[in-house]
Each structure stands twice: as C-alpha cells, then as structure tokens.
$ cat my_file_26.txt   # compact mmCIF, C-alpha atoms
# COMPACT_ATOMS: atom_id res chain seq x y z
CA MET G 195 -14.81 17.58 11.80
CA ILE G 196 -11.57 15.69 12.42
CA PHE G 197 -11.13 14.13 15.85
CA LYS G 198 -7.69 13.50 17.30
CA THR G 199 -6.18 12.94 20.73
CA PRO G 200 -4.20 15.86 22.16
CA ASP G 201 -0.99 13.79 22.48
CA MET G 202 -1.04 12.27 18.99
CA LYS G 203 1.46 14.20 16.89
CA THR G 204 0.60 15.49 13.47
CA LEU G 205 2.75 14.17 10.63
CA LYS G 206 4.49 16.49 8.20
CA ILE G 207 5.56 15.22 4.79
CA GLY G 208 7.29 18.14 3.12
CA ASP G 209 4.79 21.00 3.23
CA LEU G 210 1.84 18.63 3.80
CA THR G 211 0.45 18.25 7.30
CA LEU G 212 -1.60 15.21 8.30
CA ALA G 213 -3.93 15.91 11.21
CA VAL G 214 -3.81 12.19 12.00
CA PRO G 215 -0.52 10.35 11.22
CA VAL G 216 -2.20 7.56 9.25
CA ILE G 217 -1.64 6.70 5.60
CA GLN G 218 -4.12 4.25 4.11
CA GLY G 219 -2.30 1.46 2.26
CA GLY G 220 -2.73 1.19 -1.49
CA MET G 221 -4.57 -2.07 -2.15
CA GLY G 222 -5.07 -3.58 -5.58
CA VAL G 223 -6.70 -4.69 -7.69
CA GLY G 224 -9.47 -2.16 -7.10
CA ILE G 225 -9.67 -2.39 -3.31
CA SER G 226 -8.59 1.19 -2.64
CA LEU G 227 -9.83 3.58 -5.27
CA SER G 228 -11.46 7.03 -5.11
CA ARG G 229 -14.21 6.20 -2.62
CA LEU G 230 -11.99 4.79 0.14
CA SER G 231 -9.14 7.24 -0.41
CA ALA G 232 -11.44 10.27 -0.26
CA ALA G 233 -13.07 9.01 2.95
CA VAL G 234 -9.66 8.54 4.62
CA ALA G 235 -8.47 11.96 3.43
CA ASN G 236 -11.59 13.54 4.90
CA GLU G 237 -10.62 12.17 8.33
CA GLY G 238 -7.19 13.81 8.25
CA GLY G 239 -5.11 10.90 6.95
CA VAL G 240 -3.68 10.22 3.49
CA GLY G 241 -6.09 8.43 1.17
CA VAL G 242 -4.26 6.27 -1.35
CA ILE G 243 -5.47 5.07 -4.76
CA SER G 244 -3.94 1.81 -5.98
CA SER G 245 -2.82 2.06 -9.62
CA ALA G 246 -2.53 -1.74 -9.99
CA GLY G 247 -4.81 -3.31 -12.57
CA LEU G 248 -6.70 -0.16 -13.56
CA GLY G 249 -6.43 -1.20 -17.20
CA LEU G 250 -8.55 -4.22 -16.36
CA LEU G 251 -11.12 -2.23 -14.39
CA TYR G 252 -11.41 0.40 -17.14
CA ARG G 253 -11.26 -1.86 -20.16
CA TYR G 254 -14.64 -0.52 -21.30
CA PHE G 255 -12.72 2.65 -22.20
CA SER G 256 -10.06 0.88 -24.24
CA ALA G 257 -9.05 -2.68 -25.05
CA ASP G 258 -5.46 -1.44 -24.79
CA TYR G 259 -4.47 -2.23 -21.18
CA LEU G 260 -1.88 0.57 -20.96
CA GLU G 261 -4.21 3.19 -22.40
CA ALA G 262 -7.08 2.11 -20.14
CA SER G 263 -4.75 2.26 -17.11
CA ILE G 264 -3.86 5.90 -17.73
CA TYR G 265 -7.50 6.83 -18.25
CA GLY G 266 -8.53 4.88 -15.13
CA LEU G 267 -5.96 6.58 -12.93
CA LYS G 268 -7.01 10.03 -14.13
CA GLU G 269 -10.64 9.15 -13.45
CA GLU G 270 -9.97 7.85 -9.92
CA ILE G 271 -7.92 10.93 -9.02
CA ARG G 272 -10.67 13.18 -10.42
CA LYS G 273 -13.39 11.34 -8.50
CA ALA G 274 -11.39 11.45 -5.27
CA ARG G 275 -10.80 15.18 -5.67
CA GLU G 276 -14.55 15.73 -6.07
CA LYS G 277 -15.14 14.15 -2.66
CA THR G 278 -12.31 15.64 -0.58
CA LEU G 279 -9.99 18.58 -0.10
CA GLY G 280 -7.70 16.28 1.89
CA ILE G 281 -4.42 14.60 0.97
CA ILE G 282 -4.58 12.04 -1.85
CA GLY G 283 -1.76 9.70 -2.86
CA VAL G 284 -1.23 7.03 -5.51
CA ASN G 285 0.50 3.70 -4.89
CA VAL G 286 2.59 2.46 -7.83
CA MET G 287 4.44 -0.85 -7.88
CA VAL G 288 7.93 -0.68 -9.37
CA ALA G 289 7.35 -4.20 -10.73
CA MET G 290 4.49 -3.04 -12.97
CA THR G 291 5.27 -2.80 -16.67
CA ASN G 292 3.40 0.52 -16.82
CA PHE G 293 5.24 1.96 -13.81
CA VAL G 294 6.46 4.98 -15.82
CA ASP G 295 2.96 5.70 -17.21
CA MET G 296 1.45 5.61 -13.73
CA ILE G 297 4.17 7.85 -12.25
CA LYS G 298 3.97 10.42 -15.05
CA THR G 299 0.16 10.49 -14.88
CA SER G 300 0.18 10.92 -11.08
CA ILE G 301 2.63 13.82 -11.30
CA ALA G 302 0.75 15.47 -14.18
CA GLU G 303 -2.50 15.19 -12.21
CA LYS G 304 -0.72 16.79 -9.24
CA VAL G 305 -1.47 14.10 -6.67
CA ASP G 306 -0.05 14.99 -3.28
CA ILE G 307 2.06 11.86 -2.78
CA ILE G 308 3.39 8.93 -4.81
CA ILE G 309 4.13 5.81 -2.78
CA ALA G 310 6.33 3.34 -4.67
CA GLY G 311 7.12 -0.21 -3.57
CA ALA G 312 7.53 -3.78 -4.88
CA GLY G 313 11.06 -2.96 -5.99
CA LEU G 314 13.49 -0.08 -5.53
CA PRO G 315 12.26 3.08 -7.32
CA LEU G 316 15.78 4.31 -8.04
CA ASP G 317 14.81 6.74 -10.82
CA LEU G 318 11.60 8.10 -9.30
CA PRO G 319 12.76 11.75 -8.93
CA SER G 320 13.66 11.87 -12.63
CA PHE G 321 9.97 12.24 -13.50
CA LEU G 322 9.41 15.43 -11.51
CA LYS G 323 9.04 18.71 -13.42
CA LYS G 324 10.03 22.16 -12.16
CA ASP G 325 6.44 22.92 -11.16
CA SER G 326 5.71 19.48 -9.65
CA ILE G 327 4.13 19.45 -6.19
CA THR G 328 4.03 15.66 -5.72
CA LYS G 329 5.94 14.20 -2.76
CA LEU G 330 7.91 10.98 -3.32
CA VAL G 331 7.76 8.20 -0.72
CA PRO G 332 9.49 4.84 -1.33
CA ILE G 333 8.54 1.64 0.51
CA VAL G 334 11.53 -0.22 1.94
CA SER G 335 12.08 -3.36 3.99
CA SER G 336 15.64 -2.78 5.22
CA ALA G 337 18.11 -0.10 6.29
CA ARG G 338 20.27 -1.10 3.32
CA ALA G 339 17.47 -0.43 0.81
CA THR G 340 16.86 2.93 2.51
CA ARG G 341 20.52 3.88 2.19
CA ILE G 342 20.70 2.83 -1.48
CA ILE G 343 17.64 4.91 -2.39
CA CYS G 344 18.80 7.98 -0.46
CA GLU G 345 22.30 7.83 -1.95
CA LYS G 346 21.10 7.25 -5.53
CA TRP G 347 18.44 9.97 -5.37
CA LYS G 348 20.80 12.51 -3.83
CA THR G 349 23.69 11.74 -6.19
CA ASN G 350 21.66 11.54 -9.40
CA TYR G 351 18.82 14.01 -8.78
CA ASP G 352 19.83 16.10 -5.74
CA TYR G 353 16.63 14.85 -4.09
CA LEU G 354 15.89 12.92 -0.92
CA PRO G 355 12.67 11.03 -0.10
CA ASP G 356 9.95 13.18 1.45
CA ALA G 357 9.25 10.24 3.76
CA VAL G 358 10.09 6.55 3.90
CA ILE G 359 7.60 3.74 4.54
CA VAL G 360 9.12 0.69 6.18
CA GLU G 361 6.92 -2.33 5.54
CA GLY G 362 7.44 -5.28 7.84
CA PRO G 363 6.70 -8.96 7.19
CA LYS G 364 3.16 -8.89 8.67
CA ALA G 365 1.81 -6.85 5.77
CA GLY G 366 -0.77 -8.08 3.30
CA GLY G 367 0.02 -8.61 -0.35
CA HIS G 368 3.52 -8.91 -1.75
CA LEU G 369 6.30 -8.90 0.82
CA GLY G 370 9.85 -7.65 0.38
CA PHE G 371 11.27 -10.61 2.29
CA LYS G 372 12.41 -14.12 1.57
CA LYS G 373 10.03 -16.78 2.81
CA GLU G 374 12.36 -17.83 5.65
CA GLN G 375 12.66 -14.21 6.87
CA ILE G 376 8.94 -13.66 7.38
CA ASN G 377 8.81 -15.33 10.80
CA ASP G 378 12.42 -14.54 11.74
CA ASN G 379 12.67 -12.18 14.74
CA ASN G 380 15.56 -10.38 13.06
CA TYR G 381 13.13 -8.94 10.50
CA THR G 382 10.23 -7.79 12.66
CA LEU G 383 8.83 -4.31 12.13
CA GLU G 384 9.81 -3.47 15.72
CA LYS G 385 13.44 -4.24 14.83
CA LEU G 386 13.39 -2.61 11.39
CA VAL G 387 11.93 0.75 12.44
CA PRO G 388 14.78 1.84 14.78
CA GLU G 389 17.37 0.64 12.24
CA ILE G 390 15.79 2.67 9.44
CA VAL G 391 15.22 5.71 11.67
CA HIS G 392 18.97 5.59 12.45
CA GLU G 393 19.84 5.28 8.76
CA VAL G 394 17.56 8.15 7.78
CA LYS G 395 18.97 10.38 10.52
CA ILE G 396 22.39 10.29 8.82
CA PHE G 397 20.89 11.82 5.66
CA GLU G 398 18.68 14.24 7.62
CA GLU G 399 21.64 15.70 9.49
CA LYS G 400 23.95 15.77 6.48
CA HIS G 401 21.46 17.48 4.17
CA ASN G 402 19.28 19.38 6.68
CA LYS G 403 16.04 17.72 5.58
CA THR G 404 13.35 15.99 7.63
CA ILE G 405 12.50 12.49 6.40
CA PRO G 406 9.75 10.93 8.52
CA VAL G 407 9.75 7.14 8.84
CA ILE G 408 6.31 5.58 8.53
CA ALA G 409 5.72 2.06 9.82
CA ALA G 410 3.57 -0.49 7.97
CA GLY G 411 2.71 -4.16 8.13
CA GLY G 412 0.58 -5.56 10.92
CA ILE G 413 -0.50 -2.18 12.35
CA TYR G 414 -4.16 -2.67 13.24
CA SER G 415 -5.08 -0.77 16.42
CA GLY G 416 -4.43 2.56 18.09
CA GLU G 417 -2.29 0.72 20.60
CA ASP G 418 -0.17 -0.61 17.71
CA ILE G 419 0.25 2.98 16.50
CA ARG G 420 1.42 4.19 19.91
CA ASN G 421 3.83 1.27 20.36
CA ILE G 422 5.52 1.67 16.98
CA MET G 423 5.76 5.46 17.35
CA LYS G 424 7.59 4.91 20.64
CA LEU G 425 10.26 3.15 18.56
CA GLY G 426 10.79 6.23 16.38
CA ALA G 427 8.11 6.01 13.67
CA SER G 428 6.46 9.34 12.85
CA GLY G 429 3.31 7.71 11.55
CA VAL G 430 1.81 4.49 10.20
CA GLN G 431 0.43 3.01 7.01
CA MET G 432 -2.60 0.75 7.42
CA GLY G 433 -4.44 -1.24 4.77
CA THR G 434 -6.23 -4.20 6.33
CA ARG G 435 -8.19 -2.16 8.88
CA PHE G 436 -9.82 -0.14 6.08
CA VAL G 437 -10.99 -3.10 3.99
CA THR G 438 -14.00 -3.77 6.21
CA THR G 439 -15.43 -0.28 5.78
CA TYR G 440 -18.53 0.79 3.89
CA GLU G 441 -16.40 3.09 1.76
CA CYS G 442 -13.87 0.44 0.70
CA ASP G 443 -14.14 0.00 -3.06
CA ALA G 444 -14.22 -3.83 -2.89
CA SER G 445 -17.39 -5.94 -3.15
CA GLU G 446 -19.32 -7.09 -0.09
CA GLY G 447 -18.08 -10.61 -0.81
CA PHE G 448 -14.46 -9.47 -0.55
CA LYS G 449 -15.11 -7.70 2.76
CA GLN G 450 -16.95 -10.75 4.08
CA ALA G 451 -13.87 -12.88 3.39
CA TYR G 452 -12.04 -10.78 5.99
CA ILE G 453 -14.85 -10.98 8.52
CA SER G 454 -15.18 -14.76 8.08
CA ALA G 455 -11.44 -15.45 8.20
CA GLU G 456 -9.85 -17.12 11.20
CA GLU G 457 -6.20 -16.66 12.08
CA LYS G 458 -5.32 -20.06 10.57
CA ASP G 459 -6.81 -18.99 7.21
CA ILE G 460 -4.24 -16.24 6.64
CA GLU G 461 -1.13 -17.69 5.07
CA ILE G 462 1.88 -17.10 2.87
CA ILE G 463 1.52 -17.98 -0.80
CA ASN G 464 3.89 -17.99 -3.76
CA SER G 465 2.97 -15.30 -6.26
CA PRO G 466 3.73 -15.34 -10.00
CA VAL G 467 5.32 -11.94 -9.36
CA GLY G 468 8.23 -13.82 -7.77
CA MET G 469 7.64 -12.62 -4.22
CA PRO G 470 5.89 -14.29 -1.29
CA GLY G 471 2.51 -12.81 -0.45
CA ARG G 472 0.06 -12.96 2.46
CA ALA G 473 -3.50 -13.91 1.56
CA ILE G 474 -6.68 -15.47 2.90
CA PHE G 475 -6.90 -19.14 1.96
CA SER G 476 -9.49 -19.89 -0.74
CA ASN G 477 -10.54 -22.72 -3.03
CA PHE G 478 -8.50 -21.06 -5.76
CA ILE G 479 -5.32 -21.25 -3.66
CA ARG G 480 -6.12 -24.90 -2.91
CA LYS G 481 -6.48 -25.67 -6.64
CA VAL G 482 -3.15 -24.02 -7.40
CA ARG G 483 -1.46 -26.01 -4.61
CA ASP G 484 -2.97 -29.23 -5.90
CA GLY G 485 -1.40 -28.55 -9.29
CA LYS G 486 -4.73 -27.94 -11.01
CA LYS G 487 -3.22 -25.15 -13.02
CA GLN G 488 -5.33 -22.52 -14.68
CA PRO G 489 -4.97 -21.99 -18.44
CA ILE G 490 -1.65 -20.28 -18.99
CA LYS G 491 -1.96 -17.04 -20.88
CA CYS G 492 -0.72 -13.53 -20.32
CA PRO G 493 -3.42 -11.15 -21.53
CA PHE G 494 -2.05 -7.96 -19.95
CA LYS G 495 1.74 -8.28 -19.46
CA CYS G 496 1.24 -6.20 -16.31
CA ILE G 497 4.20 -7.32 -14.16
CA LYS G 498 7.83 -7.23 -15.27
CA THR G 499 8.87 -10.15 -13.03
CA CYS G 500 5.99 -12.50 -13.87
CA ASP G 501 7.26 -15.47 -15.88
CA ILE G 502 4.19 -16.89 -17.61
CA SER G 503 6.03 -20.09 -18.56
CA LYS G 504 6.28 -20.93 -14.84
CA SER G 505 3.09 -19.28 -13.58
CA PRO G 506 0.06 -21.45 -12.82
CA TYR G 507 -2.26 -18.46 -13.01
CA CYS G 508 -2.53 -14.79 -13.96
CA ILE G 509 -2.31 -12.79 -10.74
CA ILE G 510 -4.11 -9.71 -12.00
CA THR G 511 -7.07 -11.82 -13.14
CA ALA G 512 -7.12 -13.67 -9.80
CA LEU G 513 -7.14 -10.39 -7.84
CA ALA G 514 -9.81 -8.88 -10.09
CA ASN G 515 -11.99 -11.96 -9.51
CA ALA G 516 -11.51 -11.61 -5.75
CA LEU G 517 -12.50 -7.94 -5.96
CA LYS G 518 -15.92 -9.15 -7.14
CA GLY G 519 -16.10 -11.82 -4.40
CA ASN G 520 -15.26 -14.71 -6.74
CA PHE G 521 -12.94 -16.90 -4.62
CA GLU G 522 -13.26 -19.97 -6.83
CA ASN G 523 -11.11 -18.07 -9.30
CA GLY G 524 -9.24 -15.64 -7.09
CA PHE G 525 -7.92 -14.79 -3.63
CA ALA G 526 -7.79 -11.82 -1.25
CA PHE G 527 -4.50 -10.41 -0.08
CA ALA G 528 -4.66 -9.50 3.62
CA GLY G 529 -2.44 -8.44 6.49
CA SER G 530 -1.71 -10.78 9.39
CA ASN G 531 -4.46 -9.19 11.52
CA ALA G 532 -7.30 -9.49 9.01
CA PHE G 533 -8.97 -12.13 11.22
CA ARG G 534 -9.59 -9.42 13.84
CA ALA G 535 -12.26 -7.83 11.65
CA THR G 536 -15.76 -8.60 12.94
CA LYS G 537 -18.04 -6.11 11.20
CA ILE G 538 -18.34 -3.43 8.54
CA SER G 539 -17.80 0.09 9.88
CA SER G 540 -17.51 3.55 8.37
CA VAL G 541 -14.08 5.08 7.84
CA LYS G 542 -15.05 7.76 10.37
CA GLU G 543 -15.80 5.06 12.95
CA VAL G 544 -12.44 3.39 12.26
CA PHE G 545 -10.60 6.68 12.88
CA GLN G 546 -12.57 7.33 16.05
CA SER G 547 -11.77 3.80 17.23
CA LEU G 548 -8.05 4.19 16.42
CA LEU G 549 -7.84 7.46 18.31
CA ARG G 550 -9.71 6.01 21.30
CA GLU G 551 -7.44 2.95 21.35
CA TYR G 552 -4.39 5.20 21.08
CA LYS G 553 -5.53 7.33 24.01
CA ASN G 554 -6.43 4.33 26.20
CA SER G 555 -3.11 2.58 25.57
CA LYS G 556 -1.02 5.08 27.56
$ encode --input "my_file_26.txt" --output "structure tokens"
Amino acid sequence: MIFKTPDMKTLKIGDLTLAVPVIQGGMGVGISLSRLSAAVANEGGVGVISSAGLGLLYRYFSADYLEASIYGLKEEIRKAREKTLGIIGVNVMVAMTNFVDMIKTSIAEKVDIIIAGAGLPLDLPSFLKKDSITKLVPIVSSARATRIICEKWKTNYDYLPDAVIVEGPKAGGHLGFKKEQINDNNYTLEKLVPEIVHEVKIFEEKHNKTIPVIAAGGIYSGEDIRNIMKLGASGVQMGTRFVTTYECDASEGFKQAYISAEEKDIEIINSPVGMPGRAIFSNFIRKVRDGKKQPIKCPFKCIKTCDISKSPYCIITALANALKGNFENGFAFAGSNAFRATKISSVKEVFQSLLREYKNSK
C-alpha cells in the first residue's frame, strides 16, 4: 500500500503517473541497482538503476567491459522488473564512452524513463524507435542548457523532453558547475528552479506539451520537497536519503560512511572526469591530495573526458572500491546533507518519513 498526504500532488511524466513525486537519483558505481530501484518503485516513486560501471560489476560475464556493461544493464532491469510493477528508470552519463550502448539497451528493454546527465544529451531522441515507450529526461544546471536541449530536440527530432531535472550545486557526485559557482548564491537550486520553470513554460505554451521540472541536489526532507515545489518544481530527485536504507545496493561499510560523516567531512574534490564532485573525505582522498598518486593505467576507458596522462587515479576503480567499503582505495560520493543520516531504515520508512515531514511543514 502506498501512503501519501492528500495535498501532495501526483507527478505526471508523459503517460506515467507517480503516486509520490519522488525520483530516486541514479548513483554509481553500483549504489543504485535493481534492489533499491524496485523498492522505491514499490512506494510510488521512480526507482533508478545507475548504468555507470556495470562492466566492472559484471566482469565475470565477460572480460570485455562494453559487453559486460550491456549484459549487466539487462540483468539489473530484469531483476528490478521481477520485484516491482512500478516505474523503473536508468541513469546514463553522457560522458561515458558506452553512452550509446546504455541508451540503446535501455530503450530495447523498454525501461520507463532514461535520465541523462553529466553533459548535454543533444542526440538522445535519435535512439527512439516507432514503438518505443521510454520517456527521455535530461539533467540540466541552467536555463541556457534547458533552452539548448529543447531547441535542438525539437528542431532535429520533433521531440521535447518528457521532463527536465534541474540539479543544483548541493548534489552528490559530479556537479555541472565550476568550482567557484558551487557556493555562489546566484547558482542555488532555489534560484535555478524558477528560471528553468520559466524557460520550460515557453516551450510548453508554444508546442502544447507539459514538461514538468524536477528539482535535485540537496533535497533531503519532506519540508525540502514542499519548499522547492512552492518555487514551481513538480517533483524532486533524491539520492543521498536512499543510501542509508536496507535495500540500497551498496555494502554496509559504504552506508556506515554516511552515518559516521560529520558536516565538515563532506567536501568538493577534483575528479579525473574533469568536473568537481562532492564526496565524503577518506584516506584515499588524502593520499591523492598529498600527491601520492596511484599507478596510472586506464583499464576500462569508461569516461570520454578522463585524461589518464593527468589523472592520479582511475575513478571507476575508486568508486567500485568504495562500493565494497574500501576507503583506503576509494571514496563515496554524497550530497551536502549526507551527514544528517543517523541510522539504516527501510525504503518504506523513508517514504513514510518524507510524507510526514511534508505534511507537518505546512
């Protein structure tokens, strides 16, 4: 049974209706796979599988990273479908070298939604077939990026986004901002949402299509959901809040890193991907800062923008180590509110808590 407050609006993305307007953020490597996504979908939100690094997690199937990635994505979608009749999405980073493989596989497997970020997915609609049911949702960090995507998609493919996710600078993982913009009040989520809602409205009115704007980055509580929806958001995307759940696909060690973290431990790091990222400080991050570089090799060629000649470490290996709780050789990405986690809960309990907080924040 799905609980929701009477005044919390449902969210429609195309012909999909979310009972609760919450999309679970796609978290890689291996943090949000079939188990977490199915649990979120069962509560009326969108459960999202991260396609990042699946070739590493499924290398028992094939030593070929690209081949193993396709197999791994099919397996995670299949396993999620076995556990839920709810809405399942896949998160694909534009910066990944196997972006096209992951998009084509997601569409062929008829996932409900593809969420694409870490770059502008300008050709995303080109992969849809006549019988495709998959909704396309880009992640943006500015009104300008929103306009570019809408114009390109409409001009080249006669298609507009089914929704837009605006990710602010308090998000975990890779951020679509320059380092100096992250703490600049001109780039807060509260400022970005109304700007992007205004931009989207131009395309909605011109082409008679509803394009909900979904807010992400630093959304942690039901009160946060209410506050950002007052500014025009139709729903939210949340990642960090779902890490400390029993159903999260990460190891207990990874979850404990969130619970043990204090606010001062969550900081901005430089990623080999070429973007700033928000992570929980670890011995590995300290070693990188001290110039104790890891052996330089590129076993997977997973990210287009990763320059191995300048990279002190392989990011996919570091994230895969963190997944297992190995923070001597890895680190955990986390949103700015990760320090607020105090215990492991079920996904159902998180939803009940969010709805209670939403109701009480009137």
$ atom_distance --input "my_file_26.txt" --atom1 "atom CA of Pro363 of chain G" --atom2 "atom CA of Ser320 of chain G"
29.6 Å
$ closest_residue --input "my_file_26.txt" --among "G:Leu548, G:Leu267, G:Leu354, G:Val234" --to "Met202 of chain G" --atoms "all atoms listed in the file"
G:Leu548
$ closest_residue --input "my_file_26.txt" --among "G:Phe293, G:Phe255, G:Phe521, G:Tyr507" --to "Pro466 of chain G" --atoms "all atoms listed in the file"
G:Tyr507
$ residues_around --input "my_file_26.txt" --residues "segment 324-340 of chain G" --least-positions-apart "6" --cutoff "8 Å" --atoms "only C-alpha atoms" --output "JSON, numbers by chain"
{"G": [207, 208, 301, 302, 304, 305, 306, 307, 308, 309, 310, 311, 312, 314, 315, 318, 355, 356, 357, 358, 359, 360, 361, 362, 370, 371, 386, 389, 390, 393, 394]}
$ closest_residue --input "my_file_26.txt" --among "G:Ile343, G:Ala473, G:Ile422, G:Ala232" --to "Lys277 of chain G" --atoms "all atoms listed in the file"
G:Ala232
$ closest_residue --input "my_file_26.txt" --among "G:Lys553, G:Arg435, G:Lys346, G:Arg534" --to "Glu417 of chain G" --atoms "all atoms listed in the file"
G:Lys553
$ residues_near_point --input "my_file_26.txt" --point "(-8.4, 6.0, 26.0)" --cutoff "12 Å" --atoms "only C-alpha atoms" --output "list in words"
Lys198, Thr199, Pro200, Asp201, Met202, Gly416, Glu417, Arg420, Gln546, Ser547, Leu548, Leu549, Arg550, Glu551, Tyr552, Lys553, Asn554, Ser555 and Lys556 of chain G
$ atom_distance --input "my_file_26.txt" --atom1 "atom CA of Asp418 of chain G" --atom2 "atom CA of Gln218 of chain G"
15.0 Å
$ atom_distance --input "my_file_26.txt" --atom1 "atom CA of Ile281 of chain G" --atom2 "atom CA of Gly447 of chain G"
28.7 Å
$ closest_residue --input "my_file_26.txt" --among "G:Asn477, G:His392, G:Asn531, G:Ala526" --to "Lys458 of chain G" --atoms "all atoms listed in the file"
G:Asn531
$ closest_residue --input "my_file_26.txt" --among "G:Thr499, G:Asn285, G:Asn421, G:Thr438" --to "Gly241 of chain G" --atoms "all atoms listed in the file"
G:Asn285
$ residues_around --input "my_file_26.txt" --residues "Leu230 of chain G" --least-positions-apart "3" --cutoff "12 Å" --atoms "all atoms listed in the file" --output "count of residues only"
43
$ residues_around --input "my_file_26.txt" --residues "Val387 of chain G" --least-positions-apart "4" --cutoff "8 Å" --atoms "all atoms listed in the file" --output "ChimeraX atom specification"
/G:360,383,391,407,409,422,425-427
